[in-house]
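Trainee: What follows is the file final.pdb, containing PDB, C-alpha atoms, pLDDT in the B column:
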MODEL        1
ATOM      1  CA  MET A   1     -45.283 -54.877 -50.174  1.00 60.00           C
ATOM      2  CA  LEU A   2     -43.468 -54.883 -46.831  1.00 58.00           C
ATOM      3  CA  GLU A   3     -46.265 -52.749 -45.381  1.00 73.00           C
ATOM      4  CA  VAL A   4     -48.759 -55.497 -46.264  1.00 83.00           C
ATOM      5  CA  LEU A   5     -46.751 -58.531 -45.064  1.00 85.00           C
ATOM      6  CA  THR A   6     -46.620 -59.449 -41.428  1.00 88.00           C
ATOM      7  CA  SER A   7     -43.379 -60.532 -39.802  1.00 87.00           C
ATOM      8  CA  LYS A   8     -44.576 -64.144 -39.777  1.00 91.00           C
ATOM      9  CA  GLN A   9     -45.412 -64.063 -43.505  1.00 89.00           C
ATOM     10  CA  LEU A  10     -42.022 -62.546 -44.335  1.00 88.00           C
ATOM     11  CA  SER A  11     -40.295 -65.279 -42.321  1.00 91.00           C
ATOM     12  CA  GLU A  12     -42.290 -67.911 -44.182  1.00 89.00           C
ATOM     13  CA  TRP A  13     -41.269 -66.454 -47.543  1.00 87.00           C
ATOM     14  CA  GLU A  14     -37.613 -66.382 -46.463  1.00 87.00           C
ATOM     15  CA  ALA A  15     -37.839 -70.037 -45.375  1.00 89.00           C
ATOM     16  CA  TYR A  16     -39.500 -70.943 -48.681  1.00 86.00           C
ATOM     17  CA  ASP A  17     -36.749 -69.147 -50.594  1.00 82.00           C
ATOM     18  CA  ARG A  18     -34.126 -71.228 -48.751  1.00 82.00           C
ATOM     19  CA  LEU A  19     -35.936 -74.433 -49.794  1.00 81.00           C
ATOM     20  CA  ASP A  20     -36.716 -73.393 -53.381  1.00 74.00           C
ATOM     21  CA  PRO A  21     -34.669 -70.333 -54.348  1.00 70.00           C
ATOM     22  CA  ILE A  22     -36.114 -67.751 -56.672  1.00 72.00           C
ATOM     23  CA  GLY A  23     -34.213 -65.051 -58.475  1.00 75.00           C
ATOM     24  CA  ASN A  24     -30.759 -64.663 -59.976  1.00 79.00           C
ATOM     25  CA  TRP A  25     -29.074 -67.567 -58.173  1.00 79.00           C
ATOM     26  CA  ARG A  26     -31.676 -69.978 -59.478  1.00 80.00           C
ATOM     27  CA  ASP A  27     -31.261 -68.644 -63.020  1.00 86.00           C
ATOM     28  CA  ASP A  28     -27.486 -69.060 -62.746  1.00 89.00           C
ATOM     29  CA  PHE A  29     -27.961 -72.606 -61.495  1.00 90.00           C
ATOM     30  CA  ARG A  30     -30.294 -73.475 -64.362  1.00 91.00           C
ATOM     31  CA  LEU A  31     -27.724 -72.291 -66.882  1.00 94.00           C
ATOM     32  CA  ALA A  32     -24.946 -74.122 -65.017  1.00 95.00           C
ATOM     33  CA  TYR A  33     -27.020 -77.314 -65.037  1.00 96.00           C
ATOM     34  CA  LEU A  34     -27.629 -77.007 -68.779  1.00 96.00           C
ATOM     35  CA  SER A  35     -23.932 -76.293 -69.422  1.00 96.00           C
ATOM     36  CA  SER A  36     -22.937 -79.317 -67.367  1.00 96.00           C
ATOM     37  CA  LEU A  37     -25.417 -81.527 -69.195  1.00 96.00           C
ATOM     38  CA  LEU A  38     -24.176 -80.445 -72.632  1.00 96.00           C
ATOM     39  CA  THR A  39     -20.543 -80.827 -71.595  1.00 95.00           C
ATOM     40  CA  ASN A  40     -21.141 -84.317 -70.235  1.00 94.00           C
ATOM     41  CA  LEU A  41     -22.953 -85.334 -73.426  1.00 94.00           C
ATOM     42  CA  THR A  42     -20.070 -84.044 -75.520  1.00 93.00           C
ATOM     43  CA  ILE A  43     -17.553 -85.849 -73.315  1.00 92.00           C
ATOM     44  CA  SER A  44     -19.508 -89.101 -73.576  1.00 91.00           C
ATOM     45  CA  VAL A  45     -19.677 -88.891 -77.378  1.00 91.00           C
ATOM     46  CA  HIS A  46     -16.340 -87.304 -78.298  1.00 90.00           C
ATOM     47  CA  GLY A  47     -14.224 -87.531 -75.153  1.00 86.00           C
ATOM     48  CA  LYS A  48     -11.497 -89.967 -74.296  1.00 86.00           C
ATOM     49  CA  LYS A  49     -12.406 -93.085 -72.365  1.00 85.00           C
ATOM     50  CA  GLY A  50     -12.366 -92.394 -68.638  1.00 85.00           C
ATOM     51  CA  ALA A  51     -12.695 -88.611 -69.046  1.00 88.00           C
ATOM     52  CA  GLN A  52     -14.031 -86.933 -65.937  1.00 91.00           C
ATOM     53  CA  SER A  53     -17.593 -85.655 -66.115  1.00 91.00           C
ATOM     54  CA  THR A  54     -18.636 -82.255 -64.795  1.00 94.00           C
ATOM     55  CA  ASN A  55     -21.251 -81.134 -62.321  1.00 94.00           C
ATOM     56  CA  PRO A  56     -23.321 -77.931 -62.370  1.00 94.00           C
ATOM     57  CA  MET A  57     -21.241 -76.284 -59.642  1.00 93.00           C
ATOM     58  CA  ASP A  58     -18.255 -76.305 -62.027  1.00 93.00           C
ATOM     59  CA  PHE A  59     -20.190 -73.769 -64.125  1.00 94.00           C
ATOM     60  CA  MET A  60     -21.686 -71.618 -61.384  1.00 90.00           C
ATOM     61  CA  LEU A  61     -20.700 -67.979 -61.465  1.00 83.00           C
ATOM     62  CA  ASP A  62     -19.043 -66.600 -58.345  1.00 79.00           C
ATOM     63  CA  TRP A  63     -20.043 -62.972 -57.927  1.00 75.00           C
ATOM     64  CA  ASP A  64     -17.794 -62.348 -54.911  1.00 75.00           C
ATOM     65  CA  LEU A  65     -15.481 -59.622 -56.221  1.00 72.00           C
ATOM     66  CA  SER A  66     -13.049 -60.030 -53.318  1.00 75.00           C
ATOM     67  CA  LYS A  67     -11.965 -63.373 -54.835  1.00 76.00           C
ATOM     68  CA  VAL A  68     -11.182 -61.890 -58.258  1.00 76.00           C
ATOM     69  CA  LYS A  69      -7.507 -62.205 -59.094  1.00 81.00           C
ATOM     70  CA  GLU A  70      -5.615 -59.785 -61.262  1.00 84.00           C
ATOM     71  CA  PRO A  71      -4.839 -61.512 -64.577  1.00 83.00           C
ATOM     72  CA  LYS A  72      -1.199 -62.329 -65.252  1.00 88.00           C
ATOM     73  CA  ARG A  73       0.332 -59.814 -67.636  1.00 91.00           C
ATOM     74  CA  GLN A  74       2.140 -61.284 -70.617  1.00 91.00           C
ATOM     75  CA  SER A  75       5.506 -59.994 -71.574  1.00 94.00           C
ATOM     76  CA  VAL A  76       6.224 -58.941 -75.139  1.00 95.00           C
ATOM     77  CA  GLU A  77       8.356 -62.060 -75.594  1.00 96.00           C
ATOM     78  CA  GLU A  78       5.477 -64.308 -74.458  1.00 95.00           C
ATOM     79  CA  MET A  79       3.123 -62.588 -76.908  1.00 96.00           C
ATOM     80  CA  LYS A  80       5.643 -63.043 -79.725  1.00 96.00           C
ATOM     81  CA  ALA A  81       6.018 -66.739 -78.858  1.00 96.00           C
ATOM     82  CA  VAL A  82       2.252 -67.285 -79.007  1.00 95.00           C
ATOM     83  CA  LEU A  83       1.931 -65.487 -82.346  1.00 96.00           C
ATOM     84  CA  ARG A  84       4.950 -67.354 -83.720  1.00 96.00           C
ATOM     85  CA  GLY A  85       3.319 -70.662 -82.747  1.00 96.00           C
ATOM     86  CA  ILE A  86       0.082 -69.695 -84.522  1.00 95.00           C
ATOM     87  CA  ALA A  87       1.994 -68.644 -87.640  1.00 95.00           C
ATOM     88  CA  ASP A  88       4.057 -71.872 -87.647  1.00 94.00           C
ATOM     89  CA  HIS A  89       0.906 -73.968 -87.383  1.00 93.00           C
ATOM     90  CA  GLN A  90      -0.733 -72.044 -90.236  1.00 93.00           C
ATOM     91  CA  ASN A  91       2.391 -72.376 -92.405  1.00 91.00           C
ATOM     92  CA  ARG A  92       2.487 -76.159 -91.871  1.00 90.00           C
ATOM     93  CA  LYS A  93      -1.193 -76.349 -92.821  1.00 87.00           C
ATOM     94  CA  VAL A  94      -0.554 -74.397 -96.040  1.00 86.00           C
ATOM     95  CA  GLU A  95       2.413 -76.638 -96.926  1.00 85.00           C
ATOM     96  CA  ARG A  96       0.301 -79.774 -96.444  1.00 83.00           C
ATOM     97  CA  GLU A  97      -2.443 -78.393 -98.691  1.00 80.00           C
ATOM     98  CA  LYS A  98       0.014 -77.541-101.479  1.00 79.00           C
ATOM     99  CA  GLY A  99       0.626 -81.224-102.164  1.00 72.00           C
ATOM    100  CA  ARG A 100      -3.054 -82.086-102.488  1.00 73.00           C
ATOM    101  CA  VAL A 101      -4.763 -82.377-105.869  1.00 68.00           C
ATOM    102  CA  ASP A 102      -7.489 -79.834-106.394  1.00 66.00           C
ATOM    103  CA  LEU A 103     -10.631 -81.783-107.244  1.00 65.00           C
ATOM    104  CA  THR A 104     -13.025 -78.870-107.098  1.00 69.00           C
ATOM    105  CA  ASN A 105     -13.066 -78.281-110.885  1.00 71.00           C
ATOM    106  CA  ARG A 106     -13.597 -81.931-111.838  1.00 69.00           C
ATOM    107  CA  PRO A 107     -17.107 -83.042-112.752  1.00 68.00           C
ATOM    108  CA  PRO A 108     -18.843 -85.471-110.411  1.00 67.00           C
ATOM    109  CA  LYS A 109     -17.992 -89.121-110.913  1.00 68.00           C
ATOM    110  CA  ARG A 110     -21.464 -90.056-112.173  1.00 66.00           C
ATOM    111  CA  PHE A 111     -21.045 -87.676-115.127  1.00 66.00           C
ATOM    112  CA  ARG A 112     -17.587 -88.975-116.003  1.00 61.00           C
ATOM    113  CA  GLN A 113     -18.785 -92.563-116.247  1.00 61.00           C
ATOM    114  CA  THR A 114     -21.396 -91.869-118.916  1.00 57.00           C
ATOM    115  CA  ASN A 115     -20.855 -92.469-122.599  1.00 58.00           C
ATOM    116  CA  ASN A 116     -20.850 -88.746-123.175  1.00 57.00           C
ATOM    117  CA  PRO A 117     -17.861 -88.018-125.453  1.00 58.00           C
ATOM    118  CA  GLY A 118     -17.745 -84.408-124.274  1.00 57.00           C
ATOM    119  CA  LEU A 119     -16.590 -85.331-120.784  1.00 51.00           C
TER     120      LEU A 119
ENDMDL
END
When written as structure tokens, how does the structure in this file appear?
Mentor:
Amino acid sequence: MLEVLTSKQLSEWEAYDRLDPIGNWRDDFRLAYLSSLLTNLTISVHGKKGAQSTNPMDFMLDWDLSKVKEPKRQSVEEMKAVLRGIADHQNRKVEREKGRVDLTNRPPKRFRQTNNPGL
């Protein structure tokens, strides 16, 4: 294609791409815009009053690998603390459910209120 385009045409296409980008960046921006929209809708419906809304640039991917930081390594003690917290939460949930009455085997209320002697 470069053999067919003149230098002027190539410059025009480059200028057009700066005004209305085509390609991967535009696709990333579309997804970031959609993610921002959905997040803002969720915040407006379920979020706390005064919660900060997002903008699409909060969701844009940064492909510059020189900015990638090495993730912090967890110690064994930190891993144990996280797992212990999960187990404690699960145990509290189980204890709360033990005190509840199991209503799953009872017939629906509309059947109990009939004059049916079998119920």
Trainee: What does the PyMOL selection byres ((chain A and resi 37) around 12) select in this file, as a PDB file with C-alpha atoms, keeping the file's coordinate frame?
Mentor:
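Wrote it out as part-v2.pdb, contents follow:
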ATOM      1  CA  ARG A  30     -30.294 -73.475 -64.362  1.00 91.00           C
ATOM      2  CA  LEU A  31     -27.724 -72.291 -66.882  1.00 94.00           C
ATOM      3  CA  ALA A  32     -24.946 -74.122 -65.017  1.00 95.00           C
ATOM      4  CA  TYR A  33     -27.020 -77.314 -65.037  1.00 96.00           C
ATOM      5  CA  LEU A  34     -27.629 -77.007 -68.779  1.00 96.00           C
ATOM      6  CA  SER A  35     -23.932 -76.293 -69.422  1.00 96.00           C
ATOM      7  CA  SER A  36     -22.937 -79.317 -67.367  1.00 96.00           C
ATOM      8  CA  LEU A  38     -24.176 -80.445 -72.632  1.00 96.00           C
ATOM      9  CA  THR A  39     -20.543 -80.827 -71.595  1.00 95.00           C
ATOM     10  CA  ASN A  40     -21.141 -84.317 -70.235  1.00 94.00           C
ATOM     11  CA  LEU A  41     -22.953 -85.334 -73.426  1.00 94.00           C
ATOM     12  CA  THR A  42     -20.070 -84.044 -75.520  1.00 93.00           C
ATOM     13  CA  ILE A  43     -17.553 -85.849 -73.315  1.00 92.00           C
ATOM     14  CA  SER A  44     -19.508 -89.101 -73.576  1.00 91.00           C
ATOM     15  CA  SER A  53     -17.593 -85.655 -66.115  1.00 91.00           C
ATOM     16  CA  THR A  54     -18.636 -82.255 -64.795  1.00 94.00           C
ATOM     17  CA  ASN A  55     -21.251 -81.134 -62.321  1.00 94.00           C
ATOM     18  CA  PRO A  56     -23.321 -77.931 -62.370  1.00 94.00           C
ATOM     19  CA  MET A  57     -21.241 -76.284 -59.642  1.00 93.00           C
ATOM     20  CA  ASP A  58     -18.255 -76.305 -62.027  1.00 93.00           C
ATOM     21  CA  PHE A  59     -20.190 -73.769 -64.125  1.00 94.00           C
TER      22      PHE A  59
END
Trainee: Work out how far apart atom CA of Trp63 of chain A and atom CA of Ile22 of chain A are and give it in Å to one decimal.
Mentor: 16.8 Å
Trainee: Record the distance separating atom CA of Lys98 of chain A and atom CA of Arg84 of chain A, expressed in Å with one decimal.
Mentor: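 Between atom CA of Lys98 of chain A and atom CA of Arg84 of chain A the gap works out to 21.1 Å.
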Trainee: Could you work out how far atom CA of Lys72 of chain A lies from atom CA of Ile86 of chain A, giving the answer in Å with one decimal?
Mentor: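 Atom CA of Lys72 of chain A lies 20.7 Å from atom CA of Ile86 of chain A.
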Trainee: Enclose segment 69-84 of chain A, meaning all of its atoms listed in the file, in a box aligned along x, y and z, pad it by 4 Å on each side, and list the centre and edge lengths in Å to one decimal, as AutoDock Vina command-line options.
Mentor:
--center_x 0.4 --center_y -63.1 --center_z -71.4 --size_x 23.9 --size_y 16.4 --size_z 32.6
